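Read the structure below first, then the notes.
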Amino acid sequence: MRNPRFVSPEAIAEGRAAASRLREALKGRPLHYYIESYGCQMNDHDSEKLAGMLAAIGYQKAATKQDADLILFNTCCVREHAEKRVFGNVGALKKQKDENPNLLVAVCGCMMQQAEVAEKLYKRFPFVDLVFGTNELHRFPFLLEEALAGRRVFAVSQGEGEIAEGLPALRESGFSTNVTIMYGCDNFCTYCIVPYVRGRERSRTSESIVQEVRELAQVGYKEITLLGQNVNSYRGDGGEVDFPELLRKVHEVEGIARIRFMTSHPKDLSPRLIDAMAELPKVCEHIHLPVQSGSSRILAAMNRKYTREDYLALVTALRQKVPAIEITTDIIVGFPGESEDDFQDTLSLVREAGFSAAYTFMYSPRRGTAAARMEGQIDEAIKKERLARLNADIAASLQEQNRRFIGQEGEVLVEGFDKRGKETMAYGKLPCFKMVYFPGGEELVGSLCRVRITAAHANSLIGEQIDN
């Protein structure tokens, strides 16, 4: 374990000073920003920080790209065709930039942390004003200051990256939000680019995390999700505080009703964490535990460091200690060398584990990863056919599993509402992560409602509100 480097308080203060200078310089100019964010919840939270810094400068959120004075793409490089999609969306802005030369176009995020991809984009699109990587996020006010002065900016630095505390964040929700507890990943799964673009693991201090949660509770947040590429390997305070201990510290914060976390790596899911989940009532009865494959042979090729049997033993232990737990997962089909027998192992594990949701993907090579150089790359048609079979198996079991909830009662944290036919339906999640729809409108958003389940669909439950 390495001791993380932190951005100094003086550097954070200098960033705020740059934001203040910009605010003064731009006074009287009603400027608007539009952020298009790709990828995971950590990217979404980075976008909230970028929005917070822009708000400090005086920018307001634009409803559309056409209304914006600054368009910022926060990119991801994990999924297939990510580069093509981003390049296409950036290229589509040339006409808008030609019509409005004062428009600023910026591109940041994980994809831009890959220096060769960032340089390619910077050269291909001369109208892009600002390109920066994940390591430069805390320097955004300085970089924007340069771009607004008419200088084209390219800021991509390699290395571990520093943890920046105290950055403002303009959060999307007023009742449920994310708190990043660590950055980077040490696992080097052979298919994954994350350690190369997010760096090695660095954990925030437990004090800074608890203080952030406390401040969120004071302004009315009810639910927080602790984020990390692998939260189970969190080691804060020089290694003195592990993730189960952090959960216990966060649990003590008054005002927070629910605690979620993601993502968990099976190799680091300890008995102490399972005990904490069982003992702490605010910790939700849900875990996202990516299995990736049901074949021990493929898991070894993926460098996942557990076997099929190890994973199923964890599922058993979780259900013994937390009987109501719902387990969701990620699965990759068509990994190099995957045989039909390997794929059948995945299908049988899905049936045995009884997942309440599975996010499924076809393997696609990522430049710079070990799996991209492996022999035995699977034909695209075979990957598509296996993915279709996997999804059909999962869909067939979900509605049957959901019927278990009919007649049960639980608390739903209402996230929104929409029209379903002639009726307005509120929707939100039970602690176990199941989505529930029930009659209700805008007045319920952000509240905890007691609901009885009356019907089940494949991907959601239907309920009715009852007295708390």
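Order determines the names: the first chain of the structure tokens is A, the second B, and so forth; residues in each chain are numbered 1 upward, and ligands are numbered 1 upward as they are shown.
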TODO: Tell me, as an MDAnalysis selection string, which residues lie within 12 Å of Ala115 of chain A, counting only C-alpha atoms; anything in the same chain fewer than 6 positions away does not count.
DONE: chainID A and resid 108:109 121:122 131:135 154:159 196:197 368
Just C-alpha atoms for this one: save the residues we selected as an mmCIF file, in the first residue's frame.
```cif
data_model
loop_
_atom_site.group_PDB
_atom_site.id
_atom_site.type_symbol
_atom_site.label_atom_id
_atom_site.label_comp_id
_atom_site.auth_asym_id
_atom_site.auth_seq_id
_atom_site.Cartn_x
_atom_site.Cartn_y
_atom_site.Cartn_z
ATOM 1 C CA CYS A 108 -11.673 15.775 -20.350
ATOM 2 C CA GLY A 109 -11.997 12.488 -18.452
ATOM 3 C CA LEU A 121 -8.305 14.410 -30.728
ATOM 4 C CA TYR A 122 -6.398 17.663 -30.173
ATOM 5 C CA VAL A 131 -8.181 19.079 -23.455
ATOM 6 C CA PHE A 132 -7.269 17.775 -19.989
ATOM 7 C CA GLY A 133 -6.940 14.458 -18.173
ATOM 8 C CA THR A 134 -8.286 13.156 -14.882
ATOM 9 C CA ASN A 135 -5.135 14.240 -13.034
ATOM 10 C CA PHE A 154 -3.546 20.722 -23.698
ATOM 11 C CA ALA A 155 -3.035 19.435 -20.130
ATOM 12 C CA VAL A 156 -2.458 15.690 -19.818
ATOM 13 C CA SER A 157 -0.001 14.492 -17.179
ATOM 14 C CA GLN A 158 0.920 10.915 -16.349
ATOM 15 C CA GLY A 159 1.642 9.504 -12.890
ATOM 16 C CA TYR A 196 -3.854 2.920 -16.685
ATOM 17 C CA VAL A 197 -6.151 5.970 -16.808
ATOM 18 C CA GLY A 368 -2.833 -1.281 -23.828
#
```
Open item on the list: If we count only C-alpha atoms and set the cut-off at 12 Å, which residues sit around Asp310 of chain A, ignoring sequence neighbours fewer than 3 positions away in its own chain? Please answer as a ChimeraX atom specification.
Closed with: /A:266-270,291,294-296,299,304-307,313-317,349
Could you write those residues out with C-alpha atoms, as a PDB file, in the first residue's frame?
```pdb
ATOM      1  CA  PRO A 266     -14.989 -10.422  -4.830  1.00  0.00           C
ATOM      2  CA  LYS A 267     -11.360 -11.144  -3.925  1.00  0.00           C
ATOM      3  CA  ASP A 268     -11.471  -8.451  -1.221  1.00  0.00           C
ATOM      4  CA  LEU A 269     -14.965  -9.109   0.179  1.00  0.00           C
ATOM      5  CA  SER A 270     -14.071  -9.996   3.770  1.00  0.00           C
ATOM      6  CA  VAL A 291     -18.445 -11.899 -11.322  1.00  0.00           C
ATOM      7  CA  GLY A 294     -18.707 -18.346 -14.383  1.00  0.00           C
ATOM      8  CA  SER A 295     -15.665 -20.259 -15.609  1.00  0.00           C
ATOM      9  CA  SER A 296     -12.677 -20.566 -13.274  1.00  0.00           C
ATOM     10  CA  LEU A 299     -11.494 -15.938 -14.432  1.00  0.00           C
ATOM     11  CA  ARG A 304      -9.641 -11.875 -11.231  1.00  0.00           C
ATOM     12  CA  LYS A 305      -7.877 -13.833  -8.433  1.00  0.00           C
ATOM     13  CA  TYR A 306     -10.896 -15.934  -7.398  1.00  0.00           C
ATOM     14  CA  THR A 307     -12.592 -19.054  -8.726  1.00  0.00           C
ATOM     15  CA  ALA A 313     -19.147 -19.255  -1.395  1.00  0.00           C
ATOM     16  CA  LEU A 314     -19.345 -15.464  -0.998  1.00  0.00           C
ATOM     17  CA  VAL A 315     -22.943 -15.503  -2.257  1.00  0.00           C
ATOM     18  CA  THR A 316     -23.782 -18.165   0.334  1.00  0.00           C
ATOM     19  CA  ALA A 317     -22.057 -16.239   3.142  1.00  0.00           C
ATOM     20  CA  LEU A 349     -23.551 -19.714 -12.256  1.00  0.00           C
TER      21      LEU A 349
END
```
TODO: May I ask which of the residues A:Met302, A:Glu285, A:Gln401, A:Gln292 is the closest one to Pro323 of chain A, counting only C-alpha atoms?
DONE: A:Glu285
Task: Between atom CA of Lys97 of chain A and atom CA of Met111 of chain A - distance in Å to one decimal - done: 22.4 Å
Task: Minimum-distance residue to Ala388 of chain A, chosen among A:Leu347, A:Ile274, A:Ala324, A:Ala106 (using only C-alpha atoms) - done: A:Leu347
Which residues of segment 196-264 of chain A come within 9 Å of segment 37-53 of chain A, and what is each one's closest atom pair and distance in Å (one decimal), counting only C-alpha atoms, sorted by chain and residue number, as a Markdown table?
```
| residue | atom | partner | partner_atom | distance |
| --- | --- | --- | --- | --- |
| A:Leu227 | CA | A:Met42 | CA | 6.8 |
| A:Gly228 | CA | A:Met42 | CA | 7.4 |
| A:Gln229 | CA | A:Met42 | CA | 8.4 |
```
TODO: Provide the atom CA of Ser293 of chain A to atom CA of Asn459 of chain A distance in Å, to one decimal place.
DONE: 22.4 Å
TODO: Would you please work out which residue, of A:Lys282, A:Arg151, A:Arg452, A:Arg16, is nearest to Ala257 of chain A when using only C-alpha atoms?
DONE: A:Lys282
TODO: Based on DSSP run over this structure's backbone, return all residues of segment 297-455 of chain A in alpha helix (DSSP H), as a VMD selection string.
DONE: chain A and resid 297 to 301 308 to 321 340 to 353 380 to 402
Deliver the residues from the most recent selection as a file, using C-alpha atoms, as a PDB file, in the first residue's frame.
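And here's selection.pdb as it stands now:
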```pdb
ATOM      1  CA  ARG A 297     -10.425 -20.970 -16.319  1.00  0.00           C
ATOM      2  CA  ILE A 298     -11.609 -17.682 -17.825  1.00  0.00           C
ATOM      3  CA  LEU A 299     -11.494 -15.938 -14.432  1.00  0.00           C
ATOM      4  CA  ALA A 300      -7.813 -16.899 -14.205  1.00  0.00           C
ATOM      5  CA  ALA A 301      -7.199 -15.526 -17.704  1.00  0.00           C
ATOM      6  CA  ARG A 308     -16.189 -19.872  -9.499  1.00  0.00           C
ATOM      7  CA  GLU A 309     -16.345 -21.764  -6.206  1.00  0.00           C
ATOM      8  CA  ASP A 310     -14.919 -18.785  -4.294  1.00  0.00           C
ATOM      9  CA  TYR A 311     -17.581 -16.509  -5.736  1.00  0.00           C
ATOM     10  CA  LEU A 312     -20.476 -18.835  -4.952  1.00  0.00           C
ATOM     11  CA  ALA A 313     -19.147 -19.255  -1.395  1.00  0.00           C
ATOM     12  CA  LEU A 314     -19.345 -15.464  -0.998  1.00  0.00           C
ATOM     13  CA  VAL A 315     -22.943 -15.503  -2.257  1.00  0.00           C
ATOM     14  CA  THR A 316     -23.782 -18.165   0.334  1.00  0.00           C
ATOM     15  CA  ALA A 317     -22.057 -16.239   3.142  1.00  0.00           C
ATOM     16  CA  LEU A 318     -23.844 -13.005   2.213  1.00  0.00           C
ATOM     17  CA  ARG A 319     -27.255 -14.696   2.207  1.00  0.00           C
ATOM     18  CA  GLN A 320     -26.601 -16.431   5.499  1.00  0.00           C
ATOM     19  CA  LYS A 321     -25.686 -13.180   7.283  1.00  0.00           C
ATOM     20  CA  GLU A 340     -18.883 -23.104 -25.228  1.00  0.00           C
ATOM     21  CA  ASP A 341     -18.219 -25.068 -22.029  1.00  0.00           C
ATOM     22  CA  ASP A 342     -16.874 -21.910 -20.366  1.00  0.00           C
ATOM     23  CA  PHE A 343     -19.987 -20.045 -21.450  1.00  0.00           C
ATOM     24  CA  GLN A 344     -22.210 -22.815 -20.096  1.00  0.00           C
ATOM     25  CA  ASP A 345     -20.395 -22.371 -16.756  1.00  0.00           C
ATOM     26  CA  THR A 346     -21.477 -18.725 -16.821  1.00  0.00           C
ATOM     27  CA  LEU A 347     -25.098 -19.652 -17.537  1.00  0.00           C
ATOM     28  CA  SER A 348     -25.157 -22.174 -14.705  1.00  0.00           C
ATOM     29  CA  LEU A 349     -23.551 -19.714 -12.256  1.00  0.00           C
ATOM     30  CA  VAL A 350     -26.213 -17.126 -13.103  1.00  0.00           C
ATOM     31  CA  ARG A 351     -28.930 -19.650 -12.263  1.00  0.00           C
ATOM     32  CA  GLU A 352     -27.173 -20.747  -9.068  1.00  0.00           C
ATOM     33  CA  ALA A 353     -26.370 -17.250  -7.786  1.00  0.00           C
ATOM     34  CA  GLU A 380     -18.171 -11.111 -33.228  1.00  0.00           C
ATOM     35  CA  ALA A 381     -21.126 -13.257 -34.321  1.00  0.00           C
ATOM     36  CA  ILE A 382     -20.410 -15.815 -31.578  1.00  0.00           C
ATOM     37  CA  LYS A 383     -20.153 -13.061 -28.958  1.00  0.00           C
ATOM     38  CA  LYS A 384     -23.500 -11.594 -30.026  1.00  0.00           C
ATOM     39  CA  GLU A 385     -25.185 -14.995 -29.974  1.00  0.00           C
ATOM     40  CA  ARG A 386     -23.845 -15.789 -26.485  1.00  0.00           C
ATOM     41  CA  LEU A 387     -24.881 -12.381 -25.176  1.00  0.00           C
ATOM     42  CA  ALA A 388     -28.415 -12.919 -26.504  1.00  0.00           C
ATOM     43  CA  ARG A 389     -28.634 -16.332 -24.807  1.00  0.00           C
ATOM     44  CA  LEU A 390     -27.319 -14.939 -21.519  1.00  0.00           C
ATOM     45  CA  ASN A 391     -29.758 -12.029 -21.549  1.00  0.00           C
ATOM     46  CA  ALA A 392     -32.659 -14.357 -22.342  1.00  0.00           C
ATOM     47  CA  ASP A 393     -31.777 -16.569 -19.366  1.00  0.00           C
ATOM     48  CA  ILE A 394     -31.525 -13.564 -17.049  1.00  0.00           C
ATOM     49  CA  ALA A 395     -34.808 -12.045 -18.272  1.00  0.00           C
ATOM     50  CA  ALA A 396     -36.631 -15.339 -17.806  1.00  0.00           C
ATOM     51  CA  SER A 397     -35.654 -15.513 -14.139  1.00  0.00           C
ATOM     52  CA  LEU A 398     -36.173 -11.872 -13.141  1.00  0.00           C
ATOM     53  CA  GLN A 399     -39.973 -11.708 -13.187  1.00  0.00           C
ATOM     54  CA  GLU A 400     -40.188 -15.014 -11.319  1.00  0.00           C
ATOM     55  CA  GLN A 401     -37.760 -13.684  -8.699  1.00  0.00           C
ATOM     56  CA  ASN A 402     -39.662 -10.419  -8.402  1.00  0.00           C
TER      57      ASN A 402
END
```
